[in-house]
Amino acid sequence: MTTSNMPAHVGIIMDGNGRWAQHRNMARTQGHIEGLKAAKRIVKAAADMGISYLTLYTFSTENWKRTQEEVGFIMGLVKKYLMAEFDFYNENKIRIRFSGNLEGLPQDIAQEVVQVCEKTAHFTGLSVILALNYGGRDEIVRAVRKITEKHIPISEITEATIHDHLDNPDVPDPDLIIRTAGEQRSSNFLLWESAYSEFYFSDKLWPDWDAADLELAIKSFQKRKRRFGGITT
Ligand code: FPP
């Protein structure tokens with residue numbers, strides 16, 4: 001794979017854990033365990049490829065509608081493994097960051113997230129942004145609230161003002177957004193930031209993803225002509 005024209009920021013909608021398990025007559029929760037393993041494989045692959053930012057859509061503001069058992073299981077996975085993987089972050093210089101509504105998370109999970117972000121803040125390799133209790137619309141609403149709290153005059157509000165009050169304004173917009181498992185929609189993921197992102201859809205279920213699949217997605221991205229609303233010369 002050529003290393004020129006690499007995406008700086010890749011976002012992934014990790015879909016298909018439940019179907020992966022159902023196809024094997026297993027509980028949906030087993031699919032999430034395998035999904036977590038896939039996430040670790042892809043984080044390692046992204047770090048090795050020199051990608052700077054990887055946003056993983058881990059739990060959306062709409063995912064609370066799932067059964068209490070499934071929600072509890074996913075939160076349990078986050079609690080059990082997020083900090084436990086510190087040696088992996090350290091070896092690969094991976095920084096963990098957060099995007100989403102922290103206040104709406106169970107307190108122990110929120111604490112875990114804040115702690116892992118602090119402990120890895122000095123790592124200068126890949127930044128993995130955990131989108132947890134994340135919704136693109138919710139992020140924009142929270143940005144508007146922050147702006148209102150500061151009493152910024154309406155006449156001074158521009159696109160840059162909104163951008164500056166999103167969860168991670170220093171992170172560049174995603175160049176490439178991947179969705180696995182056959183569905184072709186954005187499902188409230190990075191709504192503001194994805195205005196000019198390239199999309200890549202794969203039929204493969206998330207637990208089956210490995211480095212070769214990420215490479216295929218990046219190769220597809222590298223062939224695209226991005227115009228950002230302008231014209232190519
Ligand atoms: C999508 O599959 C997966 C999720 C909504 C859940 C969370 C993701 C993981 C547990 C993997 C990564 C975890 C971390 C902490 C990085 P689905 O359940 O929507 O699948 P389906 O569409 O086949 O039902």
# chains A, B, ... in the order shown; residues from 1 in each chain; ligands from 1
>>> residues_near_ligand(ligand="ligand 1", cutoff="6 Å", atoms="only C-alpha atoms and all ligand atoms", output="list of chain:residue names")
A:Met14, A:Asp15, A:Gly16, A:Asn17, A:Gly18, A:Arg19, A:His32, A:Gly35, A:Leu36, A:Ala39, A:Thr58, A:Phe59, A:Ile74, A:Val78
>>> residues_around(residues="stretch 133-149 of chain A", least_positions_apart="2", cutoff="6 Å", atoms="only C-alpha atoms", output="list in words")
Phe59, Ser60, Thr61, Gly100, Asn101, Ala131, His151, His165, Leu166, Asn188, Phe189, Leu190 and Leu191 of chain A
>>> closest_atom_pairs(of="stretch 119-183 of chain A", to="stretch 217-228 of chain A", cutoff="10 Å", atoms="only C-alpha atoms", output="tab-separated table")
residue	atom	partner	partner_atom	distance
A:Asp175	CA	A:Phe221	CA	8.5
A:Leu176	CA	A:Phe221	CA	7.0
A:Ile177	CA	A:Ala217	CA	9.3
A:Ile178	CA	A:Ala217	CA	7.5
>>> write_last_selection(atoms="N, CA and C atoms", output="PDB file, in the first residue's frame")
ATOM      1  N   ASP A 175     -11.388  12.137   7.193  1.00  0.00           N
ATOM      2  CA  ASP A 175     -11.221  12.053   5.739  1.00  0.00           C
ATOM      3  C   ASP A 175     -12.040  10.894   5.198  1.00  0.00           C
ATOM      4  N   LEU A 176     -12.104   9.835   5.999  1.00  0.00           N
ATOM      5  CA  LEU A 176     -12.735   8.593   5.557  1.00  0.00           C
ATOM      6  C   LEU A 176     -13.613   8.047   6.671  1.00  0.00           C
ATOM      7  N   ILE A 177     -14.861   7.695   6.310  1.00  0.00           N
ATOM      8  CA  ILE A 177     -15.748   7.034   7.266  1.00  0.00           C
ATOM      9  C   ILE A 177     -16.112   5.657   6.706  1.00  0.00           C
ATOM     10  N   ILE A 178     -15.874   4.661   7.530  1.00  0.00           N
ATOM     11  CA  ILE A 178     -16.128   3.269   7.138  1.00  0.00           C
ATOM     12  C   ILE A 178     -17.361   2.785   7.880  1.00  0.00           C
TER      13      ILE A 178
END
>>> select_by_dssp(residues="stretch 2-231 of chain A", states="alpha helix (DSSP H)", output="NGL selection string")
:A and (17-22 or 28-49 or 68-81 or 86-92 or 107-119 or 136-149 or 159-164 or 211-222)
>>> write_last_selection(atoms="C-alpha atoms", output="tab-separated table (two decimals), in the first residue's frame")
chain	number	residue	atom	x	y	z
A	17	ASN	CA	-21.69	-7.74	16.07
A	18	GLY	CA	-25.21	-9.01	16.75
A	19	ARG	CA	-25.58	-10.65	13.32
A	20	TRP	CA	-22.15	-12.26	13.64
A	21	ALA	CA	-23.34	-13.99	16.82
A	22	GLN	CA	-26.83	-14.83	15.49
A	28	ARG	CA	-25.55	-11.19	20.80
A	29	THR	CA	-23.19	-10.43	23.68
A	30	GLN	CA	-20.67	-12.92	22.24
A	31	GLY	CA	-20.68	-10.78	19.09
A	32	HIS	CA	-19.65	-7.77	21.16
A	33	ILE	CA	-16.76	-9.73	22.69
A	34	GLU	CA	-15.54	-10.55	19.17
A	35	GLY	CA	-16.22	-6.93	18.15
A	36	LEU	CA	-13.91	-5.75	20.89
A	37	LYS	CA	-11.16	-8.09	19.60
A	38	ALA	CA	-11.67	-6.67	16.10
A	39	ALA	CA	-11.42	-3.13	17.51
A	40	LYS	CA	-8.03	-3.97	19.03
A	41	ARG	CA	-6.80	-5.49	15.72
A	42	ILE	CA	-7.88	-2.41	13.79
A	43	VAL	CA	-6.42	0.02	16.34
A	44	LYS	CA	-3.06	-1.78	16.04
A	45	ALA	CA	-3.27	-1.81	12.23
A	46	ALA	CA	-4.15	1.90	12.12
A	47	ALA	CA	-1.23	2.72	14.42
A	48	ASP	CA	1.14	0.65	12.24
A	49	MET	CA	-0.10	2.37	9.07
A	68	GLN	CA	-30.89	-3.58	29.66
A	69	GLU	CA	-28.84	-6.77	29.45
A	70	GLU	CA	-27.12	-5.75	26.21
A	71	VAL	CA	-26.51	-2.14	27.32
A	72	GLY	CA	-25.09	-3.39	30.63
A	73	PHE	CA	-22.88	-5.87	28.79
A	74	ILE	CA	-21.38	-3.26	26.45
A	75	MET	CA	-20.75	-0.86	29.37
A	76	GLY	CA	-19.21	-3.76	31.27
A	77	LEU	CA	-16.81	-4.43	28.39
A	78	VAL	CA	-15.74	-0.79	28.38
A	79	LYS	CA	-15.20	-0.84	32.14
A	80	LYS	CA	-13.31	-4.13	32.10
A	81	TYR	CA	-10.98	-3.51	29.17
A	86	PHE	CA	-2.90	0.37	29.22
A	87	ASP	CA	0.22	-1.68	28.37
A	88	PHE	CA	-1.02	-1.95	24.76
A	89	TYR	CA	-1.49	1.85	24.58
A	90	ASN	CA	1.93	2.38	26.13
A	91	GLU	CA	3.71	-0.01	23.73
A	92	ASN	CA	2.07	1.62	20.71
A	107	GLN	CA	-20.60	7.45	36.83
A	108	ASP	CA	-18.13	4.57	37.06
A	109	ILE	CA	-17.82	4.42	33.25
A	110	ALA	CA	-17.39	8.19	32.99
A	111	GLN	CA	-14.63	8.07	35.62
A	112	GLU	CA	-12.88	5.24	33.77
A	113	VAL	CA	-13.00	7.18	30.51
A	114	VAL	CA	-11.67	10.40	32.08
A	115	GLN	CA	-8.88	8.46	33.79
A	116	VAL	CA	-7.72	6.61	30.66
A	117	CYS	CA	-7.76	9.89	28.69
A	118	GLU	CA	-5.58	11.55	31.35
A	119	LYS	CA	-3.17	8.62	31.62
A	136	GLY	CA	-23.98	13.88	16.06
A	137	ARG	CA	-27.11	15.89	16.78
A	138	ASP	CA	-26.46	15.76	20.52
A	139	GLU	CA	-22.89	17.01	19.94
A	140	ILE	CA	-24.24	20.00	18.00
A	141	VAL	CA	-26.85	20.72	20.70
A	142	ARG	CA	-24.14	20.60	23.37
A	143	ALA	CA	-21.98	22.95	21.26
A	144	VAL	CA	-24.88	25.43	20.97
A	145	ARG	CA	-25.42	25.28	24.74
A	146	LYS	CA	-21.72	26.02	25.38
A	147	ILE	CA	-21.92	29.00	23.00
A	148	THR	CA	-25.06	30.30	24.70
A	149	GLU	CA	-23.51	29.97	28.16
A	159	GLU	CA	-19.34	27.99	11.31
A	160	ALA	CA	-16.02	28.38	13.12
A	161	THR	CA	-17.87	29.16	16.37
A	162	ILE	CA	-19.85	25.92	16.13
A	163	HIS	CA	-16.72	23.99	15.19
A	164	ASP	CA	-14.77	25.41	18.14
A	211	ALA	CA	-5.80	-5.23	8.94
A	212	ALA	CA	-6.36	-6.36	5.32
A	213	ASP	CA	-9.91	-4.93	5.38
A	214	LEU	CA	-8.66	-1.58	6.67
A	215	GLU	CA	-6.04	-1.60	3.93
A	216	LEU	CA	-8.72	-2.18	1.25
A	217	ALA	CA	-10.74	0.75	2.59
A	218	ILE	CA	-7.69	3.01	2.55
A	219	LYS	CA	-6.76	1.93	-0.98
A	220	SER	CA	-10.28	2.85	-2.10
A	221	PHE	CA	-9.92	6.24	-0.39
A	222	GLN	CA	-6.58	6.86	-2.07
>>> residues_around(residues="A:Arg97", least_positions_apart="4", cutoff="8 Å", atoms="only C-alpha atoms", output="PyMOL selection string")
chain A and resi 117+127-130
>>> closest_residue(among="A:Ile13, A:Ala8, A:Leu105, A:Leu82", to="A:Trp64", atoms="only C-alpha atoms")
A:Leu105
>>> closest_residue(among="A:Asn5, A:Asp210, A:Ser194, A:Ser187", to="A:Glu62", atoms="only C-alpha atoms")
A:Ser187
>>> closest_residue(among="A:Ala27, A:Ile152, A:Leu54, A:Val171", to="A:Leu126", atoms="only C-alpha atoms")
A:Leu54
